[in-house]
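Enquirer: First, the structure itself, so that you have it in front of you.
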Amino acid sequence: MSRRVAIIGAGSSGLACIKCCLDEGLEPVCFESSDDIGGLWRFKDHPESDRASIYHSVIINTSKEMMCYSDYPIPAHFPNYMHNTLIMDYFRMYADHFRLLKHIRFNTKVLQVKPRADFTRSGQWDVESEGQDGKKNKHIFDAVMICIGHHCHPNLPLQDFPGIDKFEGKYFHSRDYKTSEEWRNKKVVVVGIGNSGGDIAVELSRVTKQLYLSTRRGAWIWYRVGTNGMPMDMSYTRLLRTVQRILPFNFMCGLAENWLNQRIDHNLYNLRPNHRLFSQHPTVNDDLPNRILSGTVQVKPNIRGFHGSSVEFVDGSVVEDVDLVVFATGYSFSFPFLASDVIPVSGNKAPLYKYVFPPELERPTLAVIGLVQPLGAIMPISEMQARWATRVFKGCLKLPSVACMLDDIKYKEETMAGRYVTSPRHTIQVDYAVYMDEIATMLGVRPNIGRLLLTDPKLGLNLLNGPITPCQYRLKGPGKWAGARQAILTQWDRVAQPFKTRPCDGVEAKQSLRWPLILLAAAGVAAYVNSSRLHAFLQDPAAILDRVKVSLPVLAH
C-alpha cells in the first residue's frame, strides 16, 4: 500500500507538495480551508481570519524565470514580473497539467495534528479536520507536510505607538489595504519600508494629498529593472556567487551600495540605513525614488506618538490632520493545530533542520514547507524542500543524527544573527542560491558545473555565467526532467518574448570591447602600482571609487 501524506494548505507550497508526492508514488491528501488554490496570491476583497491577504495591484518581485516550478516554465508570453492574477493563472495551469486538484479537499480546516500512540514505531499521525458543514472527521496519515506560510498573523505592535488608542483618524495593518481610491486627497502615514510598505506608499501617493513614509532604520532600495532593462534577479550567476564567497563581506557590500547610490543618493533621499546592504532583506521598488523626487512621498523617521489627529516623529516634526495610518509591520507565524512541544515557536523562530524537519522527532514524518524568507523566489525553494521531504518519507534518504541537526540549526541561527539586523523577518532568512544548492546536494540533483563544461560546454557556460534558474535542478538525479536542458538554453528567449509587441527596425548598436579592455588594463596597472592599498580598497571600495570618479571627470559626461 502507498503511504498517505496529509498536506495542509493549497498555496504555492502545497501544490508543489502534491506534485512531489505523486512523483514519488505517495498518496497526497491536501486540506485547504478556503474554496480555491493559490494561498497568498489569491486576491479577495475582504481579508479572512488567519489567512494571508494581498492588495489588488500586487506584482511579484521575482521574475518569471526565477519563480517558476523547475519542470514547468511559465509561458513565454507572460510578462517577466507578473500581476497576482497571472500568478493565479500559472498555478491553475500547473495544477491542471499535473492533475493536482482531485487531491485537494476544499473548505476543509485542519483542527489538530498529533502523533499516534505508536508513533515511535509507525511514525503515523492522527489528523482531525472540519468540513464546511461543521462535520468533523478523523484520519490516519503516514506523514504530514505543513504548507501554511508565514504571512498568517499580522504583527501590529500598537504598544510601541503612544496615543494610538486616541488617534482620531483610521489605522489598520497592511493586510487590510486593498485599493487607494478611498483615500483620495487625504493625508496618510505608512509605517514600515519593507516591500509592502513601499508598494502601498507609492500607490497611495498617486491620489493622496500627501504621503508620509515612516521608517525606523531606513532601507537600501533594490530594483526589478536591471542592466539593459533585463530582470535584476537574473543578473546573479554562479560565477558572481563564487567571487562573492572569495571577497570580504564589507567589500561586496561596498561595491553594491556604490552601484545603488548611482541610481539614487540614499543619503539625499533620507533612505540610507546604518546597516550594510546584505544585512537586511532588501526593499524592491522601482517607483519609490520617483515619488520622493516629485514630493508626493516624504520619508520620515520613526513615530514618537499620536496626539488627536496629529502624528509626532522622533525628530520633533509633527504632521497634523492625518486621516489614515497603515502599519506595514510584518507578520508572525504559528502552528495552532500542533502541540507546542512538536514544533515550539518563540520570537518568530522555529527550530527546524534546514528549515524543514523538527530535529527531535523519533521518526522523520513531519515536514514544514515554505517557512523561509528568501533573497529570491519562494516557489522553487518550496518545491526543492518538497522533493527532499518526500524522498525522506519514502526512506530513500536519511536525516543525520539529532546532535548533527541541532548543531546545524544553531550554526544557522548564529550566522544569521551575525549578518542581519535584529528583526522578526530575519529569523527565517535564506539566500536563494546557497540554500537551493544545499538541499539539492542532499537530494542528489545539484548540477556538476565542472563536468558539464567538459561534456556539454554550451550548457555548462549557461549554468556558470547565467541566472540560477530552477530548471538547473532537473538535469540529473531523482525527478530528472528531459526538457530541462532545452528550458535552460531558451530562458532568455522567454524573457524577450513579452517585449515583442511592436516591430523595431532601428539599427542595432554594436558593442565594442575597446573600453572594457582599456578599463581592465588600467585596473591591472593601478592594482600593481597601488598594491599596498589593496587591503584598504577591499575594506572600503566606495571611498576609493569616489576618488576615481573625481579624477576621471571626462567619464562622467
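Convention: chains lettered A, B, ... in C-alpha cells order; per-chain residue numbering from 1; ligands numbered from 1 as shown.
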Within 10 Å of Pro282 in chain A, counting only C-alpha atoms, which residues show up once you throw out same-chain ones fewer than 3 positions away? Write them as an NGL selection string, please.
Expert: :A and (193-195 or 219-223 or 277-279 or 285 or 375)
Enquirer: May I have the selected residues written with C-alpha atoms, as a CSV table (one decimal), in the first residue's frame?
Expert:
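This went into out00.csv:
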chain,number,residue,atom,x,y,z
A,193,ILE,CA,9.6,50.4,4.5
A,194,GLY,CA,9.6,46.7,3.6
A,195,ASN,CA,8.2,45.6,0.2
A,219,ALA,CA,16.5,50.8,3.7
A,220,TRP,CA,18.6,50.1,0.6
A,221,ILE,CA,16.3,50.3,-2.4
A,222,TRP,CA,16.7,47.5,-5.0
A,223,TYR,CA,15.1,47.3,-8.4
A,277,LEU,CA,23.2,46.2,2.1
A,278,PHE,CA,23.4,42.5,2.6
A,279,SER,CA,22.5,42.8,6.3
A,285,ASN,CA,10.8,49.3,-5.5
A,375,LEU,CA,16.6,36.5,-1.1
Enquirer: With a distance cut-off of 10 Å and only C-alpha atoms, select the neighbouring residues of Phe357 in chain A, excluding the residue or stretch itself and same-chain residues fewer than 2 positions from it, and output the selection as a list in words.
Expert: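 My list of contacting residues is Met145, Ile343, Pro351, Leu352, Tyr353, Lys354, Tyr355, Pro359, Glu360, Leu361, Pro364, Thr365, Leu366, Ala367, Val368, Ile369, Gln385, Ala389, Leu399 and Met405 of chain A.
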Enquirer: What would the file look like if the residues just selected were written as a PDB file, in the first residue's frame with N, CA and C atoms?
Expert:
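Produced file selection_13.pdb, reproduced below:
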ATOM      1  N   MET A 145       2.771  17.250   5.778  1.00  0.00           N
ATOM      2  CA  MET A 145       3.515  18.387   5.232  1.00  0.00           C
ATOM      3  C   MET A 145       2.721  19.658   5.526  1.00  0.00           C
ATOM      4  N   ILE A 343       6.586  21.344  17.519  1.00  0.00           N
ATOM      5  CA  ILE A 343       7.410  22.410  16.919  1.00  0.00           C
ATOM      6  C   ILE A 343       7.219  23.658  17.775  1.00  0.00           C
ATOM      7  N   PRO A 351      12.706  25.858  15.642  1.00  0.00           N
ATOM      8  CA  PRO A 351      13.926  25.068  15.459  1.00  0.00           C
ATOM      9  C   PRO A 351      13.703  23.914  14.489  1.00  0.00           C
ATOM     10  N   LEU A 352      14.040  24.127  13.224  1.00  0.00           N
ATOM     11  CA  LEU A 352      13.840  23.121  12.180  1.00  0.00           C
ATOM     12  C   LEU A 352      15.145  22.879  11.433  1.00  0.00           C
ATOM     13  N   TYR A 353      15.458  21.623  11.191  1.00  0.00           N
ATOM     14  CA  TYR A 353      16.650  21.279  10.430  1.00  0.00           C
ATOM     15  C   TYR A 353      16.453  21.687   8.972  1.00  0.00           C
ATOM     16  N   LYS A 354      17.339  22.542   8.494  1.00  0.00           N
ATOM     17  CA  LYS A 354      17.243  23.106   7.140  1.00  0.00           C
ATOM     18  C   LYS A 354      15.896  23.799   6.928  1.00  0.00           C
ATOM     19  N   TYR A 355      15.292  24.291   8.023  1.00  0.00           N
ATOM     20  CA  TYR A 355      14.000  24.976   7.995  1.00  0.00           C
ATOM     21  C   TYR A 355      12.863  24.043   7.569  1.00  0.00           C
ATOM     22  N   PRO A 359      13.964  18.397  14.584  1.00  0.00           N
ATOM     23  CA  PRO A 359      15.121  17.516  14.728  1.00  0.00           C
ATOM     24  C   PRO A 359      14.967  16.395  15.745  1.00  0.00           C
ATOM     25  N   GLU A 360      14.038  16.545  16.691  1.00  0.00           N
ATOM     26  CA  GLU A 360      14.000  15.582  17.786  1.00  0.00           C
ATOM     27  C   GLU A 360      12.812  14.631  17.738  1.00  0.00           C
ATOM     28  N   LEU A 361      12.105  14.588  16.604  1.00  0.00           N
ATOM     29  CA  LEU A 361      11.053  13.586  16.448  1.00  0.00           C
ATOM     30  C   LEU A 361      11.685  12.208  16.245  1.00  0.00           C
ATOM     31  N   PRO A 364      11.112  10.757  11.111  1.00  0.00           N
ATOM     32  CA  PRO A 364      11.085  11.979  10.280  1.00  0.00           C
ATOM     33  C   PRO A 364       9.891  11.987   9.328  1.00  0.00           C
ATOM     34  N   THR A 365       8.692  12.110   9.875  1.00  0.00           N
ATOM     35  CA  THR A 365       7.481  12.056   9.054  1.00  0.00           C
ATOM     36  C   THR A 365       6.674  13.359   9.120  1.00  0.00           C
ATOM     37  N   LEU A 366       7.294  14.422   9.589  1.00  0.00           N
ATOM     38  CA  LEU A 366       6.654  15.743   9.615  1.00  0.00           C
ATOM     39  C   LEU A 366       7.602  16.744   8.980  1.00  0.00           C
ATOM     40  N   ALA A 367       7.106  17.485   7.998  1.00  0.00           N
ATOM     41  CA  ALA A 367       7.933  18.478   7.301  1.00  0.00           C
ATOM     42  C   ALA A 367       7.171  19.788   7.175  1.00  0.00           C
ATOM     43  N   VAL A 368       7.872  20.891   7.395  1.00  0.00           N
ATOM     44  CA  VAL A 368       7.315  22.230   7.192  1.00  0.00           C
ATOM     45  C   VAL A 368       7.884  22.758   5.884  1.00  0.00           C
ATOM     46  N   ILE A 369       7.021  23.110   4.968  1.00  0.00           N
ATOM     47  CA  ILE A 369       7.442  23.524   3.627  1.00  0.00           C
ATOM     48  C   ILE A 369       7.113  25.000   3.401  1.00  0.00           C
ATOM     49  N   GLN A 385      12.317  21.747  -1.245  1.00  0.00           N
ATOM     50  CA  GLN A 385      12.064  21.164   0.072  1.00  0.00           C
ATOM     51  C   GLN A 385      11.121  19.965  -0.035  1.00  0.00           C
ATOM     52  N   ALA A 389      11.811  16.216   1.114  1.00  0.00           N
ATOM     53  CA  ALA A 389      10.991  15.641   2.182  1.00  0.00           C
ATOM     54  C   ALA A 389      10.325  14.350   1.744  1.00  0.00           C
ATOM     55  N   LEU A 399      18.013  11.370   7.428  1.00  0.00           N
ATOM     56  CA  LEU A 399      18.489  12.579   8.084  1.00  0.00           C
ATOM     57  C   LEU A 399      19.689  12.239   8.962  1.00  0.00           C
ATOM     58  N   MET A 405      21.868  17.626  13.581  1.00  0.00           N
ATOM     59  CA  MET A 405      20.800  18.546  13.167  1.00  0.00           C
ATOM     60  C   MET A 405      20.718  19.747  14.099  1.00  0.00           C
TER      61      MET A 405
END
Enquirer: May I ask for the distance between CA of Asn465 in chain A and CA of Thr242 in chain A, given in Å to one decimal place?
Expert: 10.7 Å
Enquirer: Under the rule that only C-alpha atoms are counted, which of A:Tyr69, A:Phe499, A:Phe31, A:Tyr55 is the nearest residue to Phe106 in chain A?
Expert: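 Of A:Tyr69, A:Phe499, A:Phe31, A:Tyr55, the one nearest Phe106 in chain A, counting only C-alpha atoms, is A:Phe31.
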Enquirer: From a DSSP pass on the backbone, collect the residues of range 59-233 of chain A flagged as strand (DSSP E) and hand them back as a CSV table (one decimal) with N, CA, C and O atoms, in the first residue's frame.
Expert:
chain,number,residue,atom,x,y,z
A,104,ILE,N,-7.3,17.6,-3.6
A,104,ILE,CA,-7.5,18.7,-2.7
A,104,ILE,C,-8.9,18.6,-2.1
A,104,ILE,O,-9.9,18.5,-2.9
A,105,ARG,N,-9.0,18.7,-0.8
A,105,ARG,CA,-10.3,18.8,-0.2
A,105,ARG,C,-10.5,20.3,0.3
A,105,ARG,O,-10.0,20.7,1.3
A,109,LYS,N,-10.9,22.5,7.1
A,109,LYS,CA,-9.9,23.1,8.0
A,109,LYS,C,-9.3,22.0,8.9
A,109,LYS,O,-10.0,21.1,9.3
A,110,VAL,N,-8.0,22.0,9.1
A,110,VAL,CA,-7.4,21.1,9.9
A,110,VAL,C,-7.4,21.6,11.4
A,110,VAL,O,-6.9,22.7,11.6
A,111,LEU,N,-8.0,20.8,12.3
A,111,LEU,CA,-8.1,21.3,13.7
A,111,LEU,C,-7.0,20.8,14.5
A,111,LEU,O,-6.6,21.5,15.5
A,112,GLN,N,-6.5,19.6,14.3
A,112,GLN,CA,-5.5,19.0,15.1
A,112,GLN,C,-4.6,18.0,14.4
A,112,GLN,O,-5.1,17.2,13.6
A,113,VAL,N,-3.3,18.1,14.7
A,113,VAL,CA,-2.4,17.1,14.1
A,113,VAL,C,-1.5,16.6,15.3
A,113,VAL,O,-0.9,17.4,16.0
A,114,LYS,N,-1.6,15.3,15.6
A,114,LYS,CA,-0.8,14.8,16.8
A,114,LYS,C,-0.2,13.4,16.5
A,114,LYS,O,-0.9,12.6,15.7
A,115,PRO,N,0.9,13.1,17.0
A,115,PRO,CA,1.5,11.8,16.8
A,115,PRO,C,0.6,10.7,17.4
A,115,PRO,O,-0.1,10.9,18.4
A,125,TRP,N,0.4,9.8,12.1
A,125,TRP,CA,-0.2,10.9,12.7
A,125,TRP,C,-1.7,10.8,12.7
A,125,TRP,O,-2.3,10.3,11.7
A,126,ASP,N,-2.4,11.3,13.7
A,126,ASP,CA,-3.8,11.5,13.8
A,126,ASP,C,-4.1,12.9,13.3
A,126,ASP,O,-3.6,13.9,13.9
A,127,VAL,N,-5.0,13.0,12.3
A,127,VAL,CA,-5.3,14.3,11.8
A,127,VAL,C,-6.8,14.5,11.9
A,127,VAL,O,-7.6,13.6,11.4
A,128,GLU,N,-7.3,15.6,12.6
A,128,GLU,CA,-8.7,15.9,12.7
A,128,GLU,C,-9.0,17.1,11.8
A,128,GLU,O,-8.4,18.1,11.9
A,129,SER,N,-10.1,17.0,11.0
A,129,SER,CA,-10.4,18.1,10.1
A,129,SER,C,-11.9,18.4,10.3
A,129,SER,O,-12.7,17.6,10.8
A,130,GLU,N,-12.3,19.6,9.8
A,130,GLU,CA,-13.7,20.0,9.8
A,130,GLU,C,-14.1,20.6,8.5
A,130,GLU,O,-13.4,21.4,7.9
A,136,LYS,N,-16.9,17.0,11.7
A,136,LYS,CA,-15.5,16.7,12.0
A,136,LYS,C,-15.2,15.2,11.6
A,136,LYS,O,-16.0,14.3,11.7
A,137,ASN,N,-14.0,15.1,11.0
A,137,ASN,CA,-13.5,13.8,10.6
A,137,ASN,C,-12.1,13.5,11.1
A,137,ASN,O,-11.3,14.4,11.3
A,138,LYS,N,-11.8,12.2,11.4
A,138,LYS,CA,-10.5,11.9,11.9
A,138,LYS,C,-9.8,11.0,10.8
A,138,LYS,O,-10.5,10.1,10.2
A,139,HIS,N,-8.5,11.2,10.6
A,139,HIS,CA,-7.8,10.4,9.6
A,139,HIS,C,-6.5,10.0,10.2
A,139,HIS,O,-6.0,10.5,11.2
A,140,ILE,N,-5.9,9.0,9.6
A,140,ILE,CA,-4.6,8.5,9.9
A,140,ILE,C,-3.7,8.7,8.7
A,140,ILE,O,-4.0,8.2,7.6
A,141,PHE,N,-2.5,9.3,8.9
A,141,PHE,CA,-1.6,9.5,7.8
A,141,PHE,C,-0.2,9.1,8.2
A,141,PHE,O,0.2,9.1,9.4
A,143,ALA,N,2.5,10.5,7.0
A,143,ALA,CA,3.4,11.7,7.0
A,143,ALA,C,2.5,12.9,6.9
A,143,ALA,O,1.4,12.9,6.4
A,144,VAL,N,3.1,14.1,7.3
A,144,VAL,CA,2.3,15.3,7.2
A,144,VAL,C,3.3,16.4,6.7
A,144,VAL,O,4.5,16.5,7.1
A,145,MET,N,2.8,17.3,5.8
A,145,MET,CA,3.5,18.4,5.2
A,145,MET,C,2.7,19.7,5.5
A,145,MET,O,1.6,19.8,5.1
A,146,ILE,N,3.3,20.6,6.3
A,146,ILE,CA,2.6,21.8,6.6
A,146,ILE,C,3.0,22.9,5.7
A,146,ILE,O,4.2,23.3,5.5
A,153,HIS,N,-0.5,35.8,10.6
A,153,HIS,CA,-0.9,36.7,11.7
A,153,HIS,C,-0.3,38.0,11.6
A,153,HIS,O,0.9,38.1,11.8
A,154,PRO,N,-1.0,39.1,11.3
A,154,PRO,CA,-0.4,40.4,11.2
A,154,PRO,C,0.2,40.9,12.5
A,154,PRO,O,-0.4,40.7,13.6
A,170,LYS,N,-8.1,56.9,11.1
A,170,LYS,CA,-8.2,55.5,11.0
A,170,LYS,C,-6.9,54.8,10.9
A,170,LYS,O,-5.9,55.4,10.3
A,171,TYR,N,-6.7,53.6,11.4
A,171,TYR,CA,-5.5,52.9,11.2
A,171,TYR,C,-5.8,51.4,11.0
A,171,TYR,O,-6.8,50.9,11.5
A,172,PHE,N,-4.9,50.7,10.3
A,172,PHE,CA,-5.0,49.2,10.1
A,172,PHE,C,-3.7,48.7,9.6
A,172,PHE,O,-2.8,49.4,9.2
A,173,HIS,N,-3.6,47.3,9.6
A,173,HIS,CA,-2.4,46.7,9.2
A,173,HIS,C,-2.5,46.6,7.6
A,173,HIS,O,-3.6,46.6,7.0
A,187,LYS,N,-4.5,62.8,3.9
A,187,LYS,CA,-3.1,62.7,4.4
A,187,LYS,C,-2.9,61.3,5.0
A,187,LYS,O,-3.7,60.9,5.9
A,188,VAL,N,-1.9,60.6,4.6
A,188,VAL,CA,-1.7,59.2,5.0
A,188,VAL,C,-0.2,59.0,5.5
A,188,VAL,O,0.7,59.5,4.8
A,189,VAL,N,-0.1,58.3,6.5
A,189,VAL,CA,1.2,57.8,7.0
A,189,VAL,C,1.3,56.3,6.9
A,189,VAL,O,0.4,55.6,7.3
A,190,VAL,N,2.4,55.8,6.2
A,190,VAL,CA,2.7,54.4,6.1
A,190,VAL,C,3.9,54.1,7.0
A,190,VAL,O,4.9,54.8,6.9
A,191,VAL,N,3.7,53.2,7.9
A,191,VAL,CA,4.8,52.8,8.8
A,191,VAL,C,5.4,51.5,8.3
A,191,VAL,O,4.8,50.5,8.3
A,210,GLN,N,-1.0,64.1,0.6
A,210,GLN,CA,0.4,63.9,1.0
A,210,GLN,C,0.6,62.5,1.6
A,210,GLN,O,-0.2,62.1,2.5
A,211,LEU,N,1.7,61.9,1.3
A,211,LEU,CA,2.0,60.6,1.8
A,211,LEU,C,3.3,60.7,2.6
A,211,LEU,O,4.3,61.2,2.1
A,212,TYR,N,3.3,60.2,3.8
A,212,TYR,CA,4.5,60.2,4.7
A,212,TYR,C,4.9,58.7,4.9
A,212,TYR,O,4.1,57.9,5.4
A,213,LEU,N,6.2,58.4,4.6
A,213,LEU,CA,6.7,57.0,4.8
A,213,LEU,C,7.6,57.0,6.0
A,213,LEU,O,8.7,57.6,6.0
A,214,SER,N,7.2,56.4,7.1
A,214,SER,CA,7.9,56.4,8.3
A,214,SER,C,8.7,55.1,8.4
A,214,SER,O,8.2,54.0,8.3
A,221,ILE,N,17.4,50.5,-1.4
A,221,ILE,CA,16.3,50.3,-2.4
A,221,ILE,C,16.9,49.5,-3.6
A,221,ILE,O,17.8,50.0,-4.3
A,222,TRP,N,16.3,48.4,-3.9
A,222,TRP,CA,16.7,47.5,-5.0
A,222,TRP,C,15.7,47.7,-6.1
A,222,TRP,O,14.6,48.3,-5.9
Enquirer: Could you list, as an MDAnalysis selection string, every residue within 8 Å of range 85-92 of chain A, counting only C-alpha atoms and ignoring same-chain residues fewer than 6 positions away?
Expert: chainID A and resid 12 37:38 41:43 74 78
Enquirer: Selection from above, N, CA and C atoms, as a JSON list (two decimals), in the first residue's frame, can you write it?
Expert:
[["chain", "number", "residue", "atom", "x", "y", "z"],
["A", 12, "SER", "N", 1.14, 27.99, -3.05],
["A", 12, "SER", "CA", 2.25, 27.63, -3.93],
["A", 12, "SER", "C", 3.05, 26.46, -3.38],
["A", 37, "ILE", "N", -7.40, 27.33, -4.74],
["A", 37, "ILE", "CA", -5.95, 27.23, -4.57],
["A", 37, "ILE", "C", -5.35, 28.64, -4.55],
["A", 38, "GLY", "N", -4.03, 28.72, -4.35],
["A", 38, "GLY", "CA", -3.33, 30.00, -4.52],
["A", 38, "GLY", "C", -2.80, 30.62, -3.25],
["A", 41, "TRP", "N", -1.52, 34.37, -2.93],
["A", 41, "TRP", "CA", -1.65, 35.08, -4.20],
["A", 41, "TRP", "C", -3.08, 35.20, -4.70],
["A", 42, "ARG", "N", -4.02, 34.69, -3.96],
["A", 42, "ARG", "CA", -5.42, 34.79, -4.39],
["A", 42, "ARG", "C", -6.03, 36.03, -3.74],
["A", 43, "PHE", "N", -6.32, 37.02, -4.55],
["A", 43, "PHE", "CA", -6.89, 38.27, -4.04],
["A", 43, "PHE", "C", -8.35, 38.08, -3.65],
["A", 74, "ILE", "N", 7.10, 29.03, -16.92],
["A", 74, "ILE", "CA", 5.97, 29.93, -17.17],
["A", 74, "ILE", "C", 5.93, 30.28, -18.65],
["A", 78, "PHE", "N", 3.97, 35.48, -21.06],
["A", 78, "PHE", "CA", 3.68, 36.13, -19.78],
["A", 78, "PHE", "C", 4.74, 37.19, -19.50]]
